[in-house]
Every structure is written in C-alpha cells, then in structure tokens.
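Containing CSV, C-alpha atoms and all ligand atoms: protein-v5.csv.
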chain,number,residue,atom,x,y,z
A,20,MET,CA,11.8,13.6,7.0
A,21,THR,CA,11.8,12.7,3.4
A,22,SER,CA,10.5,13.2,-0.1
A,23,TYR,CA,9.0,16.3,-1.6
A,24,SER,CA,5.6,16.4,0.0
A,25,PHE,CA,7.3,15.7,3.3
A,26,ARG,CA,9.8,18.5,2.8
A,27,ARG,CA,7.1,20.9,1.8
A,28,ALA,CA,5.3,20.1,5.0
A,29,PHE,CA,8.4,20.7,7.0
A,30,LYS,CA,8.6,24.3,5.8
A,31,LEU,CA,6.3,25.1,8.7
A,32,ALA,CA,8.4,23.2,11.1
A,33,SER,CA,11.5,25.0,10.0
A,34,PHE,CA,9.8,28.4,10.1
A,35,LEU,CA,8.7,27.8,13.6
A,36,LEU,CA,12.3,27.5,14.7
A,37,LEU,CA,12.2,31.3,14.7
A,38,ILE,CA,9.9,31.3,17.7
A,39,ALA,CA,11.4,28.4,19.5
A,40,PRO,CA,13.1,28.7,22.9
A,41,SER,CA,16.8,28.2,22.3
A,42,SER,CA,19.8,27.3,24.2
A,43,ALA,CA,22.4,30.1,23.9
A,44,ALA,CA,25.3,27.7,24.4
A,45,PHE,CA,24.7,26.1,21.1
A,46,CYS,CA,23.9,29.2,19.1
A,47,GLN,CA,27.4,30.5,18.2
A,48,PRO,CA,29.0,28.6,15.3
A,49,LEU,CA,32.8,27.9,15.4
A,50,LYS,CA,33.3,29.6,12.1
A,51,PRO,CA,31.5,32.5,10.3
A,52,ALA,CA,28.7,31.7,7.9
A,53,PRO,CA,29.6,31.7,4.2
A,54,ASP,CA,28.9,35.0,2.3
A,55,ASN,CA,26.8,33.2,-0.3
A,56,ASP,CA,24.4,31.9,2.3
A,57,PRO,CA,22.0,34.6,3.6
A,58,THR,CA,19.4,32.0,4.5
A,59,GLY,CA,21.5,30.0,6.9
A,60,TYR,CA,21.0,26.9,4.8
A,61,PHE,CA,24.6,25.7,4.9
A,62,GLN,CA,25.5,23.6,8.0
A,63,GLN,CA,27.9,25.2,10.5
A,64,PRO,CA,30.0,23.5,13.2
A,65,TYR,CA,29.1,23.9,16.9
A,66,ARG,CA,30.8,22.4,20.0
A,67,ILE,CA,28.4,20.4,22.1
A,68,ALA,CA,30.7,18.7,24.7
A,69,ASP,CA,34.2,17.3,25.0
A,70,HIS,CA,34.8,15.2,21.9
A,71,VAL,CA,31.3,16.0,20.5
A,72,HIS,CA,30.5,18.6,17.7
A,73,LEU,CA,27.3,19.3,15.8
A,74,LEU,CA,27.0,20.4,12.2
A,75,ARG,CA,23.6,22.0,11.7
A,76,GLN,CA,21.7,24.6,9.7
A,77,GLU,CA,21.1,27.9,11.4
A,78,ALA,CA,18.0,28.0,13.5
A,79,GLY,CA,15.2,29.6,11.4
A,80,PHE,CA,13.1,28.9,8.4
A,81,HIS,CA,14.4,26.5,5.8
A,82,VAL,CA,12.5,25.5,2.8
A,83,GLU,CA,15.0,22.7,2.3
A,84,VAL,CA,16.1,20.9,5.5
A,85,ILE,CA,19.3,19.1,6.2
A,86,GLY,CA,19.4,16.6,9.1
A,87,ASN,CA,21.7,17.4,12.0
A,88,VAL,CA,25.1,15.7,11.8
A,89,THR,CA,26.9,14.8,15.1
A,90,VAL,CA,30.6,14.3,15.1
A,91,VAL,CA,32.1,12.1,17.9
A,92,GLU,CA,35.8,12.0,18.3
A,93,GLN,CA,36.9,8.6,19.6
A,94,THR,CA,40.6,7.7,20.2
A,95,ASP,CA,41.2,6.0,16.9
A,96,GLY,CA,38.8,7.9,14.6
A,97,LEU,CA,35.6,9.8,14.2
A,98,VAL,CA,32.0,8.6,14.3
A,99,LEU,CA,29.4,10.6,12.5
A,100,ILE,CA,25.7,10.4,13.3
A,101,ASP,CA,24.0,11.0,9.9
A,102,ALA,CA,25.7,12.3,6.8
A,103,GLY,CA,23.9,15.2,5.3
A,104,GLY,CA,20.9,15.4,2.9
A,105,SER,CA,22.5,15.7,-0.5
A,106,PRO,CA,25.9,15.4,-2.2
A,107,GLY,CA,26.6,19.1,-1.6
A,108,ALA,CA,25.6,18.7,2.1
A,109,GLY,CA,27.9,15.7,2.3
A,110,ARG,CA,30.8,17.7,0.8
A,111,ARG,CA,30.3,20.3,3.5
A,112,VAL,CA,30.3,17.6,6.1
A,113,VAL,CA,33.7,16.4,4.9
A,114,GLU,CA,35.1,19.9,4.9
A,115,LEU,CA,33.7,20.8,8.4
A,116,VAL,CA,34.8,17.4,9.8
A,117,HIS,CA,38.4,18.2,8.6
A,118,GLY,CA,38.2,21.5,10.5
A,119,ILE,CA,37.3,19.7,13.7
A,120,SER,CA,39.8,16.8,13.7
A,121,ALA,CA,42.6,15.4,11.6
A,122,LYS,CA,41.4,11.9,12.5
A,123,PRO,CA,39.6,9.8,9.8
A,124,VAL,CA,35.9,9.0,10.0
A,125,LYS,CA,35.7,5.3,10.9
A,126,ALA,CA,32.0,4.9,11.2
A,127,ILE,CA,28.7,6.6,10.2
A,128,VAL,CA,25.5,5.9,12.0
A,129,ILE,CA,22.4,6.5,9.9
A,130,THR,CA,19.5,7.3,12.2
A,131,HIS,CA,16.7,6.5,9.8
A,132,TRP,CA,16.0,6.0,6.1
A,133,HIS,CA,14.8,9.5,5.2
A,134,GLY,CA,17.1,11.1,2.6
A,135,ASP,CA,17.7,14.4,4.5
A,136,HIS,CA,19.9,12.3,6.8
A,137,HIS,CA,21.9,10.1,4.4
A,138,PHE,CA,21.9,11.4,0.8
A,139,GLY,CA,25.3,13.0,1.6
A,140,LEU,CA,26.8,9.5,2.1
A,141,SER,CA,28.2,9.2,-1.4
A,142,GLU,CA,30.5,12.2,-0.8
A,143,VAL,CA,31.4,11.2,2.7
A,144,MET,CA,32.3,7.7,1.5
A,145,LYS,CA,34.5,9.2,-1.2
A,146,GLU,CA,36.6,10.7,1.5
A,147,TRP,CA,36.5,7.8,3.9
A,148,PRO,CA,35.8,4.7,1.8
A,149,HIS,CA,36.5,2.2,4.6
A,150,ALA,CA,34.1,3.7,7.1
A,151,MET,CA,31.5,1.4,8.6
A,152,VAL,CA,28.0,2.6,7.8
A,153,ILE,CA,25.6,1.5,10.5
A,154,ALA,CA,21.8,1.4,10.5
A,155,THR,CA,18.9,-0.7,11.8
A,156,ALA,CA,18.0,-3.5,9.4
A,157,ASP,CA,14.6,-1.8,8.9
A,158,ALA,CA,16.2,1.5,8.0
A,159,GLN,CA,18.6,-0.2,5.6
A,160,ALA,CA,15.6,-1.8,3.8
A,161,ASP,CA,14.0,1.5,3.1
A,162,MET,CA,17.1,3.7,2.3
A,163,ASN,CA,16.3,3.8,-1.4
A,164,ILE,CA,12.5,4.1,-1.4
A,165,ARG,CA,13.0,7.2,-3.5
A,166,GLY,CA,14.7,5.2,-6.3
A,167,LEU,CA,18.1,7.0,-6.5
A,168,PRO,CA,20.6,5.7,-9.1
A,169,ALA,CA,23.5,3.6,-7.9
A,170,GLN,CA,25.9,5.9,-9.8
A,171,THR,CA,25.6,9.5,-10.9
A,172,ASP,CA,23.0,9.6,-13.7
A,173,ALA,CA,22.5,12.6,-15.9
A,174,ALA,CA,18.9,11.7,-16.9
A,175,PHE,CA,17.9,11.3,-13.2
A,176,ASP,CA,19.6,14.6,-12.4
A,177,ALA,CA,17.7,16.4,-15.2
A,178,THR,CA,14.4,15.1,-13.8
A,179,GLN,CA,15.2,16.3,-10.3
A,180,GLN,CA,16.5,19.6,-11.5
A,181,ALA,CA,13.2,20.2,-13.4
A,182,ILE,CA,11.3,19.7,-10.2
A,183,PHE,CA,13.6,22.1,-8.3
A,184,ASP,CA,13.2,24.7,-11.0
A,185,ARG,CA,9.4,24.5,-10.7
A,186,LEU,CA,9.6,24.9,-7.0
A,187,ARG,CA,12.0,27.8,-7.2
A,188,LYS,CA,9.8,29.5,-9.8
A,189,GLY,CA,6.8,29.0,-7.5
A,190,PHE,CA,8.6,30.8,-4.7
A,191,GLU,CA,9.7,33.6,-7.0
A,192,ASP,CA,6.1,34.1,-8.2
A,193,GLN,CA,4.9,34.2,-4.6
A,194,SER,CA,7.5,36.8,-3.8
A,195,HIS,CA,6.5,39.0,-6.8
A,196,ALA,CA,2.8,38.7,-5.8
A,197,ALA,CA,3.4,39.3,-2.1
A,198,GLN,CA,1.1,41.9,-0.5
A,199,ASN,CA,3.7,43.1,2.0
A,200,GLU,CA,7.5,43.4,2.3
A,201,ALA,CA,7.9,40.6,4.9
A,202,ASP,CA,6.3,38.1,2.6
A,203,ARG,CA,8.2,39.4,-0.4
A,204,VAL,CA,11.5,38.9,1.4
A,205,ARG,CA,10.5,35.5,2.8
A,206,TYR,CA,9.5,34.0,-0.5
A,207,ALA,CA,12.6,35.4,-2.2
A,208,ALA,CA,14.7,33.7,0.5
A,209,ASP,CA,12.8,30.4,-0.2
A,210,ALA,CA,13.6,30.7,-3.9
A,211,HIS,CA,17.3,31.3,-3.1
A,212,GLU,CA,17.4,28.3,-0.7
A,213,GLU,CA,15.7,26.1,-3.3
A,214,GLN,CA,18.4,27.2,-5.8
A,215,LEU,CA,21.1,26.2,-3.3
A,216,TYR,CA,19.5,22.8,-2.7
A,217,SER,CA,19.2,22.1,-6.4
A,218,GLU,CA,22.9,22.7,-6.8
A,219,ASP,CA,23.6,20.5,-3.8
A,220,PHE,CA,21.4,17.7,-5.2
A,221,ARG,CA,23.3,17.4,-8.6
A,222,GLY,CA,25.2,14.2,-9.0
A,223,ILE,CA,23.3,12.3,-6.4
A,224,SER,CA,23.7,8.5,-6.0
A,225,ILE,CA,22.6,6.1,-3.3
A,226,ARG,CA,24.9,4.4,-0.7
A,227,TYR,CA,23.7,1.9,1.9
A,228,ALA,CA,24.7,0.7,5.3
A,229,ASN,CA,27.3,-2.0,5.4
A,230,VAL,CA,26.5,-3.0,9.0
A,231,THR,CA,23.0,-3.5,10.3
A,232,PHE,CA,21.7,-4.3,13.8
A,233,THR,CA,18.3,-5.0,15.3
A,234,ASP,CA,18.7,-4.3,19.0
A,235,ARG,CA,21.9,-2.5,20.0
A,236,MET,CA,25.6,-2.3,19.3
A,237,SER,CA,28.6,-0.6,20.9
A,238,LEU,CA,31.5,1.4,19.6
A,239,LEU,CA,33.8,1.0,22.6
A,240,ASP,CA,36.3,3.8,23.4
A,241,ASP,CA,38.1,5.1,26.5
A,242,VAL,CA,37.0,8.8,26.0
A,243,ALA,CA,33.8,8.7,24.0
A,244,PRO,CA,32.1,5.2,24.1
A,245,ILE,CA,29.0,5.0,21.9
A,246,GLU,CA,25.9,2.9,22.4
A,247,ILE,CA,23.6,2.6,19.3
A,248,MET,CA,20.1,1.4,20.1
A,249,TYR,CA,16.8,0.6,18.6
A,250,LEU,CA,14.2,1.5,21.3
A,251,GLY,CA,11.1,1.0,19.2
A,252,LYS,CA,9.1,2.6,16.4
A,253,THR,CA,8.8,6.4,16.4
A,254,HIS,CA,9.4,8.6,13.4
A,255,THR,CA,10.0,5.6,11.2
A,256,ASP,CA,10.0,1.8,11.7
A,257,GLY,CA,13.7,1.7,12.3
A,258,ASP,CA,15.0,4.7,14.2
A,259,ALA,CA,18.5,4.4,15.8
A,260,ILE,CA,19.1,6.3,19.0
A,261,VAL,CA,22.7,7.1,19.9
A,262,TRP,CA,23.9,7.5,23.5
A,263,LEU,CA,27.2,8.8,24.7
A,264,PRO,CA,27.3,7.7,28.4
A,265,ARG,CA,30.6,9.6,29.2
A,266,GLN,CA,29.4,12.9,27.7
A,267,LYS,CA,25.7,12.3,28.6
A,268,VAL,CA,24.7,13.3,25.1
A,269,ILE,CA,21.9,11.5,23.3
A,270,ALA,CA,21.3,11.9,19.6
A,271,THR,CA,17.7,11.0,18.7
A,272,GLY,CA,17.5,11.4,14.9
A,273,ASP,CA,14.0,12.5,14.0
A,274,ALA,CA,12.4,10.8,17.0
A,275,VAL,CA,12.8,14.3,18.3
A,276,VAL,CA,12.6,17.3,16.0
A,277,SER,CA,12.3,20.8,17.4
A,278,PRO,CA,10.5,23.1,17.6
A,279,VAL,CA,7.6,21.3,16.0
A,280,PRO,CA,7.5,17.5,15.5
A,281,PHE,CA,7.2,15.7,12.1
A,282,TRP,CA,4.6,13.0,12.3
A,283,ARG,CA,3.9,11.7,8.8
A,284,GLY,CA,4.2,8.0,8.3
A,285,ALA,CA,5.1,7.7,12.0
A,286,TYR,CA,4.0,5.6,14.9
A,287,PRO,CA,2.4,8.0,17.4
A,288,VAL,CA,1.3,5.2,19.8
A,289,GLU,CA,4.5,3.3,19.9
A,290,TRP,CA,6.5,6.5,19.9
A,291,VAL,CA,5.4,7.5,23.5
A,292,PRO,CA,7.3,4.7,25.4
A,293,VAL,CA,10.4,5.4,23.4
A,294,LEU,CA,10.4,9.1,24.4
A,295,GLU,CA,9.8,8.0,28.0
A,296,LYS,CA,12.9,5.7,27.7
A,297,ILE,CA,14.9,8.5,26.3
A,298,LYS,CA,14.1,10.6,29.4
A,299,THR,CA,15.5,7.9,31.6
A,300,PHE,CA,19.0,8.2,30.2
A,301,GLY,CA,19.7,11.3,32.3
A,302,PHE,CA,21.2,13.2,29.4
A,303,THR,CA,22.6,16.7,29.7
A,304,THR,CA,22.2,17.4,26.0
A,305,LEU,CA,19.7,15.9,23.5
A,306,ILE,CA,20.6,16.5,19.9
A,307,PRO,CA,17.4,16.3,17.8
A,308,GLY,CA,17.3,15.3,14.1
A,309,HIS,CA,16.6,18.9,13.3
A,310,GLY,CA,16.8,22.1,15.3
A,311,LEU,CA,18.6,23.2,18.4
A,312,PRO,CA,20.0,20.8,21.1
A,313,GLN,CA,17.9,20.5,24.2
A,314,THR,CA,19.4,20.7,27.7
A,315,ASN,CA,16.5,19.4,29.7
A,316,THR,CA,13.4,17.2,29.2
A,317,SER,CA,10.8,20.0,28.8
A,318,TYR,CA,10.5,19.6,25.1
A,319,LEU,CA,10.3,15.8,25.4
A,320,ASP,CA,7.6,16.3,28.0
A,321,THR,CA,5.7,18.5,25.6
A,322,LEU,CA,6.0,15.9,22.8
A,323,ILE,CA,4.9,13.1,25.1
A,324,ALA,CA,1.9,15.1,26.3
A,325,ALA,CA,0.9,16.0,22.8
A,326,LEU,CA,1.2,12.5,21.5
A,327,ARG,CA,-0.8,11.1,24.4
A,328,ASP,CA,-3.5,13.7,23.9
A,329,VAL,CA,-3.9,12.8,20.2
A,330,ASN,CA,-3.7,9.1,20.8
A,331,THR,CA,-6.3,9.2,23.6
A,332,GLN,CA,-8.7,11.2,21.4
A,333,VAL,CA,-8.2,9.0,18.4
A,334,ALA,CA,-8.6,5.8,20.3
A,335,ALA,CA,-11.9,7.0,21.8
A,336,PHE,CA,-13.3,7.9,18.5
A,337,ALA,CA,-12.1,4.7,16.8
A,338,ALA,CA,-13.6,2.7,19.7
A,339,LYS,CA,-17.0,4.3,18.9
A,340,GLY,CA,-16.7,3.1,15.3
A,341,LEU,CA,-16.0,6.5,13.8
A,342,SER,CA,-14.2,6.5,10.4
A,343,LEU,CA,-10.8,8.1,9.9
A,344,GLN,CA,-12.4,11.1,8.2
A,345,GLU,CA,-14.9,11.5,11.1
A,346,THR,CA,-12.1,11.2,13.6
A,347,GLN,CA,-9.9,13.7,11.8
A,348,ALA,CA,-12.8,16.2,11.9
A,349,ARG,CA,-13.3,15.8,15.6
A,350,VAL,CA,-9.8,15.7,17.1
A,351,ASP,CA,-9.1,18.9,18.9
A,352,PHE,CA,-5.7,20.4,18.1
A,353,SER,CA,-6.0,23.6,20.1
A,354,SER,CA,-3.8,22.5,23.0
A,355,GLN,CA,-1.1,21.2,20.6
A,356,GLY,CA,-1.1,24.4,18.6
A,357,LYS,CA,-0.5,26.4,21.8
A,358,ALA,CA,2.2,24.0,23.0
A,359,PHE,CA,4.3,24.2,19.9
A,360,ALA,CA,3.2,27.4,18.2
A,361,GLY,CA,2.3,29.8,21.1
A,362,THR,CA,-0.9,31.9,20.8
A,363,ASP,CA,-0.4,33.2,17.3
A,364,PRO,CA,-3.6,32.2,15.5
A,365,GLN,CA,-1.8,31.8,12.2
A,366,PHE,CA,0.8,29.5,13.7
A,367,ILE,CA,-1.9,27.5,15.4
A,368,GLU,CA,-3.7,27.2,12.1
A,369,GLN,CA,-0.5,26.0,10.5
A,370,MET,CA,0.1,23.6,13.3
A,371,LYS,CA,-3.3,22.0,12.6
A,372,SER,CA,-2.1,21.3,9.0
A,373,ASN,CA,1.1,19.8,10.3
A,374,TRP,CA,-0.6,17.7,12.9
A,375,SER,CA,-3.4,16.2,10.8
A,376,PRO,CA,-1.4,13.3,9.5
A,377,VAL,CA,-0.7,12.1,13.0
A,378,VAL,CA,-4.4,11.4,13.4
A,379,ALA,CA,-4.3,9.1,10.4
A,380,CYS,CA,-1.3,7.2,11.8
A,381,SER,CA,-2.7,7.1,15.4
A,382,TYR,CA,-5.9,5.8,13.9
A,383,ALA,CA,-4.0,3.1,12.0
A,384,GLU,CA,-2.4,2.0,15.2
A,385,ALA,CA,-5.6,2.1,17.1
A,386,THR,CA,-7.4,-0.1,14.5
A,387,HIS,CA,-4.4,-2.4,13.9
A,388,VAL,CA,-3.8,-1.3,10.3
A,389,PRO,CA,-0.2,-1.7,9.1
A,390,ILE,CA,1.7,1.5,8.6
A,391,ILE,CA,3.8,1.4,5.4
A,392,GLN,CA,6.9,3.5,5.3
A,393,GLY,CA,6.9,6.1,2.5
A,394,LYS,CA,3.1,6.1,2.2
A,395,PRO,CA,0.5,8.2,4.1
A,396,CYS,CA,-1.3,6.3,6.9
A,397,ALA,CA,-4.7,5.3,5.6
A,398,PRO,CA,-7.5,2.9,6.6
A,399,VAL,CA,-8.0,-0.4,4.9
A,400,LYS,CA,-10.2,0.1,1.8
B,1,ZN,ZN,14.8,14.6,9.0
Mind turning this structure into structure tokens?
Amino acid sequence: MTSYSFRRAFKLASFLLLIAPSSAAFCQPLKPAPDNDPTGYFQQPYRIADHVHLLRQEAGFHVEVIGNVTVVEQTDGLVLIDAGGSPGAGRRVVELVHGISAKPVKAIVITHWHGDHHFGLSEVMKEWPHAMVIATADAQADMNIRGLPAQTDAAFDATQQAIFDRLRKGFEDQSHAAQNEADRVRYAADAHEEQLYSEDFRGISIRYANVTFTDRMSLLDDVAPIEIMYLGKTHTDGDAIVWLPRQKVIATGDAVVSPVPFWRGAYPVEWVPVLEKIKTFGFTTLIPGHGLPQTNTSYLDTLIAALRDVNTQVAAFAAKGLSLQETQARVDFSSQGKAFAGTDPQFIEQMKSNWSPVVACSYAEATHVPIIQGKPCAPVK
C-alpha cells in the first residue's frame, strides 16, 4: 500500500483485522507493548520459526499501517524482509532487531515500492550502512514515486506535517461529533495514531535498492537459506516473494494482505497464477505484507476464488462491450463481502468500497490497457 488515498482506503482493511480468524501461535509478542501506544501502532517482535522473527503491528484497526518486517538469522548476519514505513518505524526496527540477535543486518529485501514497506530504510541504513538492499528492477524504478527528498528537508517535512495535522484534526472532529461511545473512542484512537505517525514521518528521506534482480536470487546459508523470487505481477508490477525452504516460511509482501486484500493499482488477472504458485511451495507459515501469519492455504484459496470471480464477471461484461462504468455498476460483490467481512451488512458495504478499484484494474487487463503504477486503473480516453 502507498500514498494517502491508499492508506485511507486501508483503514477498512486494518479495521477488519478485528474480526479475522487468527493463529494463536503468532499473537503473543516477545516483549510488552510500550505504555505510550494504546492503539497497537508500534511494531512488536514475534517468533515465527527457528531463525525467523516477525515485527508487526498489533492485529486490529490501524489508521496508519506499517508493513510487516521479517527478520531471518543466517550464520553470518541477518536478512530483513522490508524495513518499516517511516523513519520512526525504521528506528524501532533497529531496536527490535538488536533485541533478537547481536548479528549485523547484511541484507534487506524490499518486497515492493510502496512506502509503508521501505520508508524506514534511511534509519536502518544508518545502523547497517553496508547492507545489501535488494528489490526487483521494477520495484526499484518506482521506489520514489512519492517524491521524497534525498536528504532530510525541513520544507518537505513541514508540508507533510500540515497534511497529518489536517487528518488528525478530522479524526478529532469525528470523535467529538460521534453519536455513540464506540465511535467516539474509535475516532479518538485514530487521531492518536495519526499523531504517532506524524512524529514517525519527521526527517524522512529516500533510500534505494543497491542490488536488483528480475527473476530470482539466492542468499545461501546452512541454517536459513533464502530464495528471493519474482513470480509475476500481483499487488504491484514488481513484487518480490521470499521463500525459506528450510523453515518452510514464505513472505509474500502485499501479494497477500489479511484479513482483506488491497487491490488498487494491482493486476487482478495476473495475480491469480502467482497465488497458485505460492500454494505449491508447501509452506507451514505464510507471512503476509500486513496482518497475521497464515498456517494453511485457506486464506489464499479465498483470495484466489474472489479474484477469479471478479475477473470472470469483468471479462464477460467487457466482452459484451460494456464500459468500465457500466461494468462497475454490474459486478456483484456480495460473495466477496461475505468471504472477507462475514455477514455484517456494514462490513459488506465497506468491502464494496474497498473492492471497487479491482474492477477497474481487472477491466484494464481484460481490455489490454496498461496499468500505471501509482495511478488508478482507468480506461483509455
Ligand atoms: Zn503495504
């Protein structure tokens, strides 16, 4: 996920974590949450398998999301998968990694170009300046679509802080205007988390990958060998999938996000065979880009079925010559709403708003219109 509108949209996704089925094995952090974090915004460390840890936000609603960071302990150093979504998140990655192992970070794999997965790089690289930073060539090309400065820039910071202040004020206003206690508390928590994020974002600057690949590369090791692969377009045009064959752990980046997917600017048609390939690895744990680890393929199956359903509907409408708008009006979301959001009509309604962009992208693929990263999918004018 990336950018403001994208993060706003993900509010729903994060909120739905509340109702997601979870795996108890991954729910207890290795250290207590900080006192100044009632929202669960700050990442906490969890053990996943021998030599594998996960740094993630508490499952639950987050108005500002931070991508999951996986820590793999190889014999001669650590490998991170993603680096946190802001300088503040990156500083916490550094601190938490020191709590897991005394070894240095030797490599960081960036799963895709969205900032919630690599805007912490500047701080991580301060601590381990010689680390390899690995991404697909396509991800590398888009890492600074948002236009971050090369070095800390007070004027850029001021512009960003003004945006965060407006967002925080909006949540405070919603809290004050709430008609019931639950909404009042929820919007107040949103405002608090927005404040935490604005503090995290101060002093941001961009860092890039220094090693790129197009197909696959290996980080060999006796105890925790790593295979980094590009399996096809999914959430973006350059998603890296990381496989640990010894531990049978697969880290997917945002090719899998639970408990609800994030589809904007994505490739819903090309996505399906990649998810099918991921199933064939025989993983015991799947670490998604956000949300709780999965210990079986049931969530993958749900994602695949939902994508196939949308793609089939969209292709049929497109083949009949219907416009994107006509197609968007006709695609039936009811089964997807139930699959991801249960039977609550409000959640189903919200799911519709989260799913609508996937129709545009599926339509683009069905009609052979290029999808441009960082832009909404749209028909040719
Ligand atoms: Zn993300």
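For the choices A:Ala285, A:Met144, A:Leu49, A:Ala274, the atom-to-atom distance to His309 of chain A is smallest for A:Ala274 when using only C-alpha atoms.
For the residues A:Ser217, A:Ser237, A:Thr178, A:Thr89, ranking by smallest atom-to-atom distance to Ile269 of chain A using only C-alpha atoms places A:Thr89 first.
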To one decimal place, how far is atom CA of Arg265 of chain A from atom CA of Pro312 of chain A in Å?
->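 For atom CA of Arg265 of chain A relative to atom CA of Pro312 of chain A, the distance reads 17.4 Å.
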Which residues of chain A have any atom within 7 Å of an atom in ligand ZN 1 (chain B) when counting all atoms listed in the file, and what is the closest pair of atoms for each, with the distance in Å to one decimal? Order the rows by chain and rising number and write it as CSV.
residue,atom,partner,partner_atom,distance
A:Met20,CA,B:ZN1,ZN,3.7
A:Thr21,CA,B:ZN1,ZN,6.6
A:Ile85,CA,B:ZN1,ZN,7.0
A:Gly86,CA,B:ZN1,ZN,5.0
A:His133,CA,B:ZN1,ZN,6.4
A:Asp135,CA,B:ZN1,ZN,5.4
A:His136,CA,B:ZN1,ZN,6.0
A:Asp273,CA,B:ZN1,ZN,5.5
A:Gly308,CA,B:ZN1,ZN,5.7
A:His309,CA,B:ZN1,ZN,6.3
Atoms kept (C-alpha atoms) for selection, written as a short mmCIF file (atom, residue, chain, number, x, y, z; two decimals), keeping the file's coordinate frame:
data_model
loop_
_atom_site.label_atom_id
_atom_site.label_comp_id
_atom_site.auth_asym_id
_atom_site.auth_seq_id
_atom_site.Cartn_x
_atom_site.Cartn_y
_atom_site.Cartn_z
CA MET A 20 11.80 13.60 7.00
CA THR A 21 11.80 12.70 3.40
CA ILE A 85 19.30 19.10 6.20
CA GLY A 86 19.40 16.60 9.10
CA HIS A 133 14.80 9.50 5.20
CA ASP A 135 17.70 14.40 4.50
CA HIS A 136 19.90 12.30 6.80
CA ASP A 273 14.00 12.50 14.00
CA GLY A 308 17.30 15.30 14.10
CA HIS A 309 16.60 18.90 13.30
#
All residues 6 Å or closer to Val91 of chain A, only C-alpha atoms, same chain fewer than 5 positions away omitted, as a list of chain:residue names = A:His70, A:Val71, A:Leu97, A:Val98
Excluding Val113 of chain A and any residue of its chain fewer than 6 positions from it, enumerate the residues within 12 Å of it, using only C-alpha atoms, and give them as a ChimeraX atom specification.
-> /A:62-64,74,88,90,97,99,102-103,106-107,119-124,139-147
Surrounding residues of segment 287-296 of chain A excluding itself and chain neighbours under 3 positions, 8 Å, all atoms listed in the file, as a count of residues only = 18
